[in-house]
Amino acid sequence: MNLRARCAIAGLGATRMGRNYDHHNAQGFALEAVELALADAGLARRDLDGLLVNPGVTWIGDAMASFGLQQAMGLRDLRLTATMNAGGATAGAMIMHAVQAIAAGMANVVACVFADAPLKPPRPDAAKGAGGSAAAYGFARGLDAAYGLFGVNAQYAFVARRHMHLYGTTNDHLGAIAVAERQWANLNPAAQFHREPLTLAGYHDSRWIAEPFHLLDCCLVSNGALCVIVTAADRARDLRQPPVYVLGMGQGHPGGDPIDTLASGAPLAKAVAFPMAGIELGDIDVVELYDCYTFTVLVTLEDYGFCRKGEGGAFVADGRIAPGGALPVNTGGGQLSSFYMWGMTPVSEAVIQVRGAGGARQVPRHEVALVSGNGGILSTHSTLVLGAHP
Amino acid sequence: MIGEANIRMAEAVKPVPNVTPQMAPFFAGARQGQLLVQKCDECGTLRFPAHATCINCLSAAASWIAASGRGEILSFNVMHQVYHPGFAAEVPYAVVMVKLEEGPKVVSNLVGVKPDAIRCGLPVEVVFERVNDQITLPKFRLRAAA
């Protein structure tokens, strides 16, 4: 059963992003995003019969998050639900699950939503100190903590340092990615860093977090939610928005230790998704990559074959992925400069670009978009190929 | 207020690992100046830290053996962010990942070397740093290359 173009993304809903305290928890943001996505598609709540939820860090303890959201939204008689987590690959995995269920006749209209609310409103009486997002992402563990190893930043920094050692990758290379994404964000009014330009010198001036990572190598922290509505292609054609067809999809979870391979699961996932979509690398017009760090973008470009392993630094150094460059990558500013909605950040920007709704940042050719998701330390990977035509 | 915060900072100690039943032999070894790793009794695959089963053959039978304590810096990072008050006085400090001669990787610190002098590939050897009666932490120092 070939699922190429059997389904499409028919609706996109995004809350305000960043220091946004419109709701007091992730479920509140999720509810708003689902409503916005339904309105975008021209659908009503009663049309939904599937609800998939990827809860962010502050919602992740709720193993029944999707049921909780169903109840909060008064949704009746769903035929598909799940609370899913494969880290940053979850957005892609939710869309794949939705497509499979729709193609199998199990559901018709499926909402896939990510939400998180790690930022709290400033309290004038509270002392600044431990806590906040740094603590939420600290993940202190027994023996590692005794040596001062805390958090995902430090784990990724190990892998990036090894890449630098073996291949000569530099902070100038990583900085080129930060600058390119910022230039895209400067064209995106929804980006948290929309109004703040960045130069390579500014990148180098940003404080160190875990060398070789500066602050501006690391993704943002955001409150908000994103939702996409997946439905059958023929139904999507009758709805309000131009359909964004799911042409190909795949996953790859290599296991083992990324410091040995310096690679993601992209080669595995691509090997399924590209043949399904009937495309090759040269057919891709716009690329939306999971960018928890600048380094993740560099590795992912290598792993899809845009350049050879170890050559990612030289590949990005000359502005190739920036506005006006030969390969538009992370055209909304990515998680580094727009907002951090895990795998939904690249998905949402691909939907906007394929629709041709990118405004000042719209790329001229937008028939085929590549979307990656990446979770853990290059541990999980999802590939989506989205297109304007079936 | 500021004075109180400073006092708390000065008293802050680094996190002390729990001696879990699985890792108890490791800490017993460290107290006696040995760096122990787990060896699968079935297929001989080495692993660290402790795990209930072998990643290669899934056997639960394992023993602890002494590693040479020699290895090289596989990678490292330099931590500038204070995630725990026990490290506030040390930032920036380096955390190293050592690849032991026998294969397993160990997260640790490199003593006697400033962070900006650390490089991947440097040869290192284990030293032991006593924390309390129960806990001794293996750390590493530079050694002359073989």
# chains A, B, ... in the order shown; residues from 1 in each chain; ligands from 1
>>> interface_residues(of="chain A", to="chain B", cutoff="7 Å", atoms="only C-alpha atoms", output="list in words")
Ala135, Gly138, Gly142, Leu143, Asp144, Ala145, Ala146, Tyr147, Gly148, Leu149, Phe150, Ala154, Ala157, Phe158, Arg161, Arg162, His165, Trp208, Ile209, Ala210, Glu211 and Pro212 of chain A
>>> write_last_selection(atoms="N, CA and C atoms", output="compact mmCIF listing (two decimals), in the first residue's frame")
# COMPACT_ATOMS: atom_id res chain seq x y z
N ALA A 135 16.59 24.53 34.89
CA ALA A 135 16.34 23.40 35.79
C ALA A 135 15.46 22.36 35.11
N GLY A 138 17.49 20.28 32.98
CA GLY A 138 18.75 19.88 33.60
C GLY A 138 18.99 18.40 33.58
N GLY A 142 22.66 10.65 38.53
CA GLY A 142 23.60 10.20 39.55
C GLY A 142 25.06 10.51 39.34
N LEU A 143 25.77 9.61 38.70
CA LEU A 143 27.21 9.74 38.62
C LEU A 143 27.61 10.94 37.76
N ASP A 144 26.89 11.19 36.67
CA ASP A 144 27.21 12.33 35.80
C ASP A 144 27.19 13.63 36.59
N ALA A 145 26.19 13.78 37.47
CA ALA A 145 26.04 15.03 38.21
C ALA A 145 27.22 15.27 39.15
N ALA A 146 27.82 14.19 39.64
CA ALA A 146 28.97 14.33 40.53
C ALA A 146 30.15 14.98 39.81
N TYR A 147 30.19 14.84 38.49
CA TYR A 147 31.26 15.44 37.70
C TYR A 147 30.83 16.77 37.07
N GLY A 148 29.61 17.18 37.38
CA GLY A 148 29.14 18.46 36.86
C GLY A 148 28.53 18.38 35.48
N LEU A 149 28.15 17.19 35.05
CA LEU A 149 27.51 17.04 33.73
C LEU A 149 26.01 17.11 33.91
N PHE A 150 25.44 18.19 33.39
CA PHE A 150 24.00 18.41 33.50
C PHE A 150 23.45 18.79 32.14
N ALA A 154 25.02 19.89 27.31
CA ALA A 154 26.34 19.30 27.53
C ALA A 154 26.50 17.99 26.76
N ALA A 157 27.05 18.86 23.27
CA ALA A 157 28.36 19.50 23.13
C ALA A 157 29.46 18.44 22.98
N PHE A 158 29.33 17.32 23.67
CA PHE A 158 30.29 16.22 23.48
C PHE A 158 30.35 15.80 22.01
N ARG A 161 31.84 18.59 19.76
CA ARG A 161 33.30 18.70 19.93
C ARG A 161 34.03 17.59 19.17
N ARG A 162 33.47 16.42 19.19
CA ARG A 162 34.10 15.30 18.48
C ARG A 162 34.07 15.56 16.97
N HIS A 165 36.74 17.94 16.19
CA HIS A 165 38.07 17.30 16.26
C HIS A 165 38.35 16.50 15.00
N TRP A 208 29.07 31.78 26.55
CA TRP A 208 29.19 30.32 26.48
C TRP A 208 28.15 29.68 27.39
N ILE A 209 27.61 28.56 26.93
CA ILE A 209 26.75 27.73 27.77
C ILE A 209 27.50 26.47 28.15
N ALA A 210 27.76 25.63 27.16
CA ALA A 210 28.60 24.45 27.34
C ALA A 210 29.47 24.40 26.08
N GLU A 211 30.71 24.84 26.21
CA GLU A 211 31.59 24.89 25.03
C GLU A 211 31.64 23.50 24.40
N PRO A 212 31.53 23.42 23.08
CA PRO A 212 31.65 24.50 22.10
C PRO A 212 30.35 25.25 21.78
>>> atom_distance(atom1="CA of Leu327 in chain A", atom2="CA of Asp285 in chain A")
7.5 Å
>>> select_by_dssp(residues="range 2-146 of chain B", states="helix (DSSP H, G or I)", output="compact mmCIF listing (two decimals) with C-alpha atoms, in the first residue's frame")
# COMPACT_ATOMS: atom_id res chain seq x y z
CA ILE B 2 22.76 38.88 49.58
CA GLY B 3 24.75 37.74 52.59
CA GLU B 4 22.47 34.78 53.15
CA ALA B 5 22.74 33.76 49.52
CA ASN B 6 26.53 33.88 49.72
CA ILE B 7 26.55 31.72 52.81
CA ARG B 8 24.32 29.18 51.13
CA MET B 9 26.62 29.22 48.11
CA ALA B 10 29.73 28.69 50.23
CA GLU B 11 28.12 25.74 51.99
CA ALA B 24 27.85 -0.75 44.67
CA PRO B 25 30.74 -2.91 43.35
CA PHE B 26 31.98 0.03 41.30
CA PHE B 27 32.17 2.27 44.37
CA ALA B 28 33.76 -0.50 46.43
CA GLY B 29 36.42 -0.79 43.74
CA ALA B 30 36.98 2.96 43.61
CA ARG B 31 37.52 3.04 47.38
CA PRO B 85 25.24 25.42 43.38
CA GLY B 86 28.02 22.98 44.22
CA PHE B 87 29.72 23.94 40.96
CA PRO B 115 39.88 23.70 30.32
CA ASP B 116 41.43 25.58 27.40
CA ALA B 117 44.35 23.12 27.30
>>> decode(residues="range 44-133 of chain B", atoms="C-alpha atoms", output="PDB file, in the first residue's frame")
ATOM      1  CA  GLY B  44      32.607 -10.950  27.383  1.00  0.00           C
ATOM      2  CA  THR B  45      31.225  -7.601  26.222  1.00  0.00           C
ATOM      3  CA  LEU B  46      32.237  -4.775  28.540  1.00  0.00           C
ATOM      4  CA  ARG B  47      29.827  -2.089  29.674  1.00  0.00           C
ATOM      5  CA  PHE B  48      29.706   0.994  31.835  1.00  0.00           C
ATOM      6  CA  PRO B  49      27.818   2.263  33.764  1.00  0.00           C
ATOM      7  CA  ALA B  50      26.154  -0.801  35.266  1.00  0.00           C
ATOM      8  CA  HIS B  51      23.250  -2.292  33.413  1.00  0.00           C
ATOM      9  CA  ALA B  52      21.035  -5.253  34.225  1.00  0.00           C
ATOM     10  CA  THR B  53      21.661  -7.036  30.933  1.00  0.00           C
ATOM     11  CA  CYS B  54      24.266  -7.222  28.194  1.00  0.00           C
ATOM     12  CA  ILE B  55      23.605  -5.036  25.150  1.00  0.00           C
ATOM     13  CA  ASN B  56      25.144  -7.724  22.909  1.00  0.00           C
ATOM     14  CA  CYS B  57      23.636 -11.029  24.147  1.00  0.00           C
ATOM     15  CA  LEU B  58      21.059  -9.879  26.745  1.00  0.00           C
ATOM     16  CA  SER B  59      22.563 -12.128  29.395  1.00  0.00           C
ATOM     17  CA  ALA B  60      22.003 -10.965  32.956  1.00  0.00           C
ATOM     18  CA  ALA B  61      25.150 -12.700  34.189  1.00  0.00           C
ATOM     19  CA  ALA B  62      27.995 -10.245  34.679  1.00  0.00           C
ATOM     20  CA  SER B  63      31.089  -9.634  36.765  1.00  0.00           C
ATOM     21  CA  TRP B  64      33.059  -6.541  37.592  1.00  0.00           C
ATOM     22  CA  ILE B  65      36.629  -6.441  36.317  1.00  0.00           C
ATOM     23  CA  ALA B  66      39.385  -3.909  36.833  1.00  0.00           C
ATOM     24  CA  ALA B  67      40.140  -1.738  33.826  1.00  0.00           C
ATOM     25  CA  SER B  68      43.674  -0.519  33.244  1.00  0.00           C
ATOM     26  CA  GLY B  69      42.600   3.019  34.056  1.00  0.00           C
ATOM     27  CA  ARG B  70      44.254   4.212  30.846  1.00  0.00           C
ATOM     28  CA  GLY B  71      42.426   5.812  27.990  1.00  0.00           C
ATOM     29  CA  GLU B  72      42.146   8.940  25.917  1.00  0.00           C
ATOM     30  CA  ILE B  73      39.938  12.001  25.794  1.00  0.00           C
ATOM     31  CA  LEU B  74      37.197  11.090  23.327  1.00  0.00           C
ATOM     32  CA  SER B  75      35.468  14.428  23.804  1.00  0.00           C
ATOM     33  CA  PHE B  76      34.900  17.155  26.357  1.00  0.00           C
ATOM     34  CA  ASN B  77      32.842  20.205  27.034  1.00  0.00           C
ATOM     35  CA  VAL B  78      33.343  23.274  29.179  1.00  0.00           C
ATOM     36  CA  MET B  79      30.408  24.078  31.415  1.00  0.00           C
ATOM     37  CA  HIS B  80      29.697  27.775  31.966  1.00  0.00           C
ATOM     38  CA  GLN B  81      26.137  27.489  33.236  1.00  0.00           C
ATOM     39  CA  VAL B  82      25.564  26.803  36.940  1.00  0.00           C
ATOM     40  CA  TYR B  83      23.076  23.951  37.086  1.00  0.00           C
ATOM     41  CA  HIS B  84      23.948  23.057  40.685  1.00  0.00           C
ATOM     42  CA  PRO B  85      25.238  25.417  43.376  1.00  0.00           C
ATOM     43  CA  GLY B  86      28.019  22.979  44.215  1.00  0.00           C
ATOM     44  CA  PHE B  87      29.719  23.938  40.959  1.00  0.00           C
ATOM     45  CA  ALA B  88      29.138  27.694  41.199  1.00  0.00           C
ATOM     46  CA  ALA B  89      32.676  28.393  42.352  1.00  0.00           C
ATOM     47  CA  GLU B  90      34.229  26.306  39.566  1.00  0.00           C
ATOM     48  CA  VAL B  91      32.624  27.578  36.362  1.00  0.00           C
ATOM     49  CA  PRO B  92      33.902  27.368  33.750  1.00  0.00           C
ATOM     50  CA  TYR B  93      34.934  23.772  34.364  1.00  0.00           C
ATOM     51  CA  ALA B  94      35.462  20.892  31.934  1.00  0.00           C
ATOM     52  CA  VAL B  95      33.702  17.539  31.807  1.00  0.00           C
ATOM     53  CA  VAL B  96      35.517  14.905  29.796  1.00  0.00           C
ATOM     54  CA  MET B  97      34.419  11.710  28.135  1.00  0.00           C
ATOM     55  CA  VAL B  98      37.229   9.175  28.381  1.00  0.00           C
ATOM     56  CA  LYS B  99      37.381   6.153  26.125  1.00  0.00           C
ATOM     57  CA  LEU B 100      39.137   3.473  28.135  1.00  0.00           C
ATOM     58  CA  GLU B 101      41.705   1.210  26.461  1.00  0.00           C
ATOM     59  CA  GLU B 102      39.245  -1.624  27.013  1.00  0.00           C
ATOM     60  CA  GLY B 103      36.481   0.220  25.150  1.00  0.00           C
ATOM     61  CA  PRO B 104      33.872   1.552  27.588  1.00  0.00           C
ATOM     62  CA  LYS B 105      33.361   5.295  27.897  1.00  0.00           C
ATOM     63  CA  VAL B 106      33.475   7.089  31.222  1.00  0.00           C
ATOM     64  CA  VAL B 107      32.308  10.613  32.023  1.00  0.00           C
ATOM     65  CA  SER B 108      34.677  12.316  34.438  1.00  0.00           C
ATOM     66  CA  ASN B 109      36.863  15.330  35.124  1.00  0.00           C
ATOM     67  CA  LEU B 110      40.488  15.908  34.147  1.00  0.00           C
ATOM     68  CA  VAL B 111      42.579  17.141  37.074  1.00  0.00           C
ATOM     69  CA  GLY B 112      45.544  19.464  36.742  1.00  0.00           C
ATOM     70  CA  VAL B 113      44.652  20.736  33.265  1.00  0.00           C
ATOM     71  CA  LYS B 114      42.985  24.047  32.502  1.00  0.00           C
ATOM     72  CA  PRO B 115      39.875  23.700  30.319  1.00  0.00           C
ATOM     73  CA  ASP B 116      41.428  25.581  27.398  1.00  0.00           C
ATOM     74  CA  ALA B 117      44.350  23.119  27.296  1.00  0.00           C
ATOM     75  CA  ILE B 118      42.162  20.040  26.882  1.00  0.00           C
ATOM     76  CA  ARG B 119      42.107  18.381  23.462  1.00  0.00           C
ATOM     77  CA  CYS B 120      40.457  15.298  22.050  1.00  0.00           C
ATOM     78  CA  GLY B 121      42.918  12.431  21.839  1.00  0.00           C
ATOM     79  CA  LEU B 122      45.006  13.344  24.894  1.00  0.00           C
ATOM     80  CA  PRO B 123      46.198  10.209  26.723  1.00  0.00           C
ATOM     81  CA  VAL B 124      44.945  10.025  30.316  1.00  0.00           C
ATOM     82  CA  GLU B 125      45.025   7.745  33.327  1.00  0.00           C
ATOM     83  CA  VAL B 126      42.742   7.348  36.307  1.00  0.00           C
ATOM     84  CA  VAL B 127      43.285   8.900  39.727  1.00  0.00           C
ATOM     85  CA  PHE B 128      40.953   8.608  42.669  1.00  0.00           C
ATOM     86  CA  GLU B 129      39.398  11.427  44.644  1.00  0.00           C
ATOM     87  CA  ARG B 130      37.858  10.630  47.998  1.00  0.00           C
ATOM     88  CA  VAL B 131      34.561  12.414  48.696  1.00  0.00           C
ATOM     89  CA  ASN B 132      33.492  10.637  51.919  1.00  0.00           C
ATOM     90  CA  ASP B 133      33.710   7.217  53.551  1.00  0.00           C
TER      91      ASP B 133
END
